[in-house]
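Undergrad: Right, I'll just put the structure down here and ask away after.
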Amino acid sequence: MCVRSCFQSPRLQWVWRTAFLKHTQRRHQGSHRWTHLGGSTYRAVIFDMGGVLIPSPGRVAAEWEVQNRIPSGTILKALMEGGENGPWMRFMRAEITAEGFLREFGRLCSEMLKTSVPVDSFFSLLTSERVAKQFPVMTEAITQIRAKGLQTAVLSNNFYLPNQKSFLPLDRKQFDVIVESCMEGICKPDPRIYKLCLEQLGLQPSESIFLDDLGTNLKEAARLGIHTIKVNDPETAVKELEALLGFTLRVGVPNTRPVKKTMEIPKDSLQKYLKDLLGIQTTGPLELLQFDHGQSNPTYYIRLANRDLVLRKKPPGTLLPSAHAIEREFRIMKALANAGVPVPNVLDLCEDSSVIGTPFYVMEYCPGLIYKDPSLPGLEPSHRRAIYTAMNTVLCKIHSVDLQAVGLEDYGKQGDYIPRQVRTWVKQYRASETSTIPAMERLIEWLPLHLPRQQRTTVVHGDFRLDNLVFHPEEPEVLAVLDWELSTLGDPLADVAYSCLAHYLPSSFPVLRGQASSTYAEQTGKLTEFVSNLAWDFAVKEGFRVFKEMPFTNPLTRSYHTWARPQSQWCPTGSRSYSSVPEASPAHTSRGGLVISPESLSPPVRELYHRLKHFMEQRVYPAEPELQSHQASAARWSPSPLIEDLKEKAKAEGLWNLFLPLEADPEKKYGAGLTNVEYAHLCELMGTSLYAPEVCNCSAPDTGNMELLVRYGTEAQKARWLIPLLEGKARSCFAMTEPQVASSDATNIEASIREEDSFYVINGHKWWITGILDPRCQLCVFMGKTDPHAPRHRQQSVLLVPMDTPGIKIIRPLTVYGLEDAPGGHGEVRFEHVRVPKENMVLGPGRGFEIAQGRLGPGRIHHCMRLIGFSERALALMKARVKSRLAFGKPLVEQGTVLADIAQSRVEIEQARLLVLRAAHLMDLAGNKAAALDIAMIKMVAPSMASRVIDRAIQAFGAAGLSSDYPLAQFFTWARALRFADGPDEVHRATVAKLELKHRI
């Protein structure tokens, strides 16, 4: 037995730790102070981890179940299954590994639901840095406890990660003692683990307080004599802990700090004014603090005698006439108090600048909770929902105020609020502009053309967000709405929009972190650009919604020209931006130039791109040798377990279902909500690996079938087929091509679909049906003829055929240059008297050609971008090879023909990429039909380009390039096959020529 394994033995650890404790206990005896309360002495606070310091597994499970459409409570029930001998408790005692736990846990969940449950992604989420963050309120409390000389400890039912490190996402320096079940081999509520913690602290049970979120754990601690606190909500628990300890665990009044030197006000004259105002006699000092909020109008906390007050003043210096109008704030709060709107009780407006140097007003201090982070970390989903509901309820009250009844009918101009706001924003932006922000320029053109036609007039707050509300400490109730500086009469939708904005901004955004704008002045340009891009994203979505409601007209007449702007979204400052675009109105061109670089994507998409890139480098590329070996093994017709594991990791990283275009799913109900251009960049990156598209659930033919269901499927069809495909629980195939006819022309197909009673009966012979051999394939999207006598493009129909339907007979798998492409393969299949319910018809009889055309457009973009990914990887491999390989006494890279090949490959890749991105761009602007010419051109260009680039790379590798040691041979195979897959080159050439002749004469 090695030394390491000795110390991983729970029994030997116990012996060693006990001996060590006796030494440390003597050394630390009497080294800490303590606090007295009612005769009891507390010298330490012991914290559970999950549910107390970080989110509990139950809370994480609840969110994960919603995201993955798993019945609520499944995970928690499975965690509790088996009690002390269940997989969860054995995992926390280190009796089984993470892999063993997930295997048993997954089986339990799957048995409960009678279907596969992706427990790996739950575990990844539970242990991710994004979720496992310490609650700030607990961090602050621990700091204060230690500052008072008390000890702190963590006592956690915990587990080992696959890397053999325990899961402890905390700063260990915060704690004097850390006790973890996986290291001790015992779990709470076993009394031994509590005693071990007390021994390490050198304390008696009555000298400690223990916080946990589980009643069973607290019960045993209390039985031993430890004082306990049940944690349902960290904020409430800290208040209870404060009561026990007898001192505050927060720094003074919440959200305050000492007054800055530059913001000091004369205390003597203020105290005299307040004594006169309140009619109080006191000789005690006036306590003055400054609030974090209210930088625009400085805001102070005042304590005088037994009164807690808030003072809000104008800043010093010369001000614009309408700026910092505290008089308006005072007026509206006084008026709204009589209308049932929760506002602080205002006491007096002092316009005499001689008192403290500027006008000010005074109101009563309203104690309560202010939530700075709109994601409300640390609260259960039901509690968060209640907070948001209370927030929306008070906004409804504000917007329902009777203006005449409260005397506010003259509080602002009535009508045209949003147009006036847009004009004001433009003026303010122009006045402060230091560089060109492309998204802002587009918005400045777009917004005036797309204003609401109807508007209401109500009181609007102007800055309505969560951290401007004071909540009741115990109930989800708004006690006061603060900061009315921007209030006026206007359209209530402005408040609603601003309130929702927080849910679209990253948690690090300064406005959401309660940080003063001046602190981040140097970042103003970046923040403005971020918000501009976000706003433009909404404008594009609105454009898609309007576009989908418009009748389709003829494709755009294309007049190519170059146009330049001083600084584009994708060019460095001072360079010229050139893009070929259709002739368009100013409103059309305001939609912006073509994004040709991932670094010029909007910040959220750029972050997604880099996350995908990191995932490829850390997860996908290293797995390729094992995946390739599986494809060549006897088990190749069964899915690789490694692929399934990578899928769960991709899900956990948010790299799942990226393909569905925004115009097909504008509400992001099913996909990531990317435009075709945005996805093109990510698709290229996935294309650098043969396996990445499937790992991210972005592989054909599933992507095309899922988009078909989104666009054309009924709700019942979506529930049965779309959801399992989106979740990765099923795969599918598309059956159109037939061996007897030229199937590149969909009107040629001969397979029949005949109506019989309440069924359709299918008969036909199909081949090259990709994915049909996969054991996970549950759906065949079948195209056949329902009426041979109908007009040529109305003869075909599309049916959804369950793969377990009798009569589907797989004849053989087909190979591509000898490659089987297991486990999905490419099958030759006969459909013999296959009976399918009528409700499985898509869109209706005779709509098959229309469906096939709609399905192919985005898929062709996907294939072409993946081909560019093939080519980039091939060129990268080639460059590495020629630098290290010697031939005829010198490196290959010094051979002239090799240099020429590298240059030619780079040029061809760049040309093809630009053409593909332009096609995607036109699809985003005008739709798939309008992009028919561009789609045909990229289908001509991309596969042939990829074949040439990959062939040059193979040549540089010599015989090794033909082997399975590198992905080049498979890249080349699929590049060549794709000259047929979406229609042969000849068809696309004919399309380009016809459109060229039609629109260029």
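Each chain in the structure tokens gets a letter, A, B and so on, in the order shown; residues start at 1 in every chain, and ligands are counted from 1 in the order they appear.
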Do you know which residues are at most 10 Å from range 119-130 of chain A counting only C-alpha atoms, after dropping those on the same chain fewer than 4 positions away, and could you put them as JSON, numbers by chain?
TA: {"A": [55, 56, 57, 58, 59, 60, 61, 63, 64, 65, 68, 75, 98, 99, 102, 103, 105, 106, 107, 109, 110, 161, 167, 168, 169, 644, 645, 646, 647, 648, 649, 650, 651, 652, 653]}
Undergrad: Contacts of range 215-227 of chain A at 6 Å or less, counting only C-alpha atoms, minus same-chain residues fewer than 4 places along, as a VMD selection string?
TA: chain A and resid 188 to 189 205 to 206 208 to 209
Undergrad: Would you save the residues from that selection as a PDB file, in the first residue's frame, using N, CA and C atoms?
TA:
```pdb
ATOM      1  N   LYS A 188     -22.408  13.536   8.420  1.00  0.00           N
ATOM      2  CA  LYS A 188     -23.530  14.002   9.233  1.00  0.00           C
ATOM      3  C   LYS A 188     -24.770  13.189   8.822  1.00  0.00           C
ATOM      4  N   PRO A 189     -25.616  12.805   9.760  1.00  0.00           N
ATOM      5  CA  PRO A 189     -25.671  13.198  11.179  1.00  0.00           C
ATOM      6  C   PRO A 189     -24.968  12.250  12.143  1.00  0.00           C
ATOM      7  N   PRO A 205     -19.352  21.472  23.212  1.00  0.00           N
ATOM      8  CA  PRO A 205     -20.496  21.701  22.319  1.00  0.00           C
ATOM      9  C   PRO A 205     -21.210  23.024  22.579  1.00  0.00           C
ATOM     10  N   SER A 206     -21.372  23.376  23.854  1.00  0.00           N
ATOM     11  CA  SER A 206     -22.131  24.598  24.180  1.00  0.00           C
ATOM     12  C   SER A 206     -21.416  25.873  23.772  1.00  0.00           C
ATOM     13  N   SER A 208     -20.271  26.481  20.795  1.00  0.00           N
ATOM     14  CA  SER A 208     -20.309  26.643  19.333  1.00  0.00           C
ATOM     15  C   SER A 208     -21.739  26.783  18.825  1.00  0.00           C
ATOM     16  N   ILE A 209     -21.836  27.375  17.640  1.00  0.00           N
ATOM     17  CA  ILE A 209     -23.107  27.511  16.917  1.00  0.00           C
ATOM     18  C   ILE A 209     -22.928  26.816  15.571  1.00  0.00           C
TER      19      ILE A 209
END
```
Undergrad: What's the 9 Å shell around range 639-641 of chain A, counting only C-alpha atoms, without same-chain residues fewer than 6 positions away, as a PyMOL selection string?
TA: chain A and resi 627+630-631+774-776+822-824
Undergrad: How would the residues just chosen look if you wrote them out with C-alpha atoms as a tab-separated table (two decimals), in the first residue's frame?
TA:
```tsv
chain	number	residue	atom	x	y	z
A	627	LEU	CA	-13.13	8.11	-30.88
A	630	HIS	CA	-13.95	3.14	-31.57
A	631	GLN	CA	-15.08	3.76	-35.16
A	774	ASP	CA	-27.69	4.29	-35.37
A	775	PRO	CA	-29.47	2.42	-32.55
A	776	ARG	CA	-30.50	5.83	-31.17
A	822	ALA	CA	-20.42	4.09	-37.89
A	823	PRO	CA	-22.57	4.11	-35.83
A	824	GLY	CA	-24.99	6.15	-37.94
```
Undergrad: So which one's closest to Glu738 in chain A, A:Glu81, A:Glu750, A:Glu894, A:Glu140? Using only C-alpha atoms, please.
TA: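 For Glu738 in chain A, the nearest of the candidates is A:Glu750.
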Undergrad: Quick one: pull the distance between CA of Arg312 in chain A and CA of Leu489 in chain A, Å, one decimal.
TA: 22.2 Å
Undergrad: Which residue is closest to Glu872 in chain A? Choose from A:Ser353, A:Asn840, A:Asn928, A:Ser689 and count only C-alpha atoms.
TA: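 Using only C-alpha atoms, Glu872 in chain A sits closest to A:Ser689.
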Undergrad: So which bits of range 609-848 of chain A end up strand (DSSP E) when you DSSP the backbone, as a VMD selection string?
TA: chain A and resid 731 to 735 752 to 756 759 to 770 777 to 785 796 to 802 808 to 813 826 to 837
Undergrad: So which residues touch Val355 in chain A within 10 Å, counting only C-alpha atoms, skipping near sequence neighbours fewer than 3 positions away, as number ranges by chain?
TA: A: 265-273, 350-352, 358-360
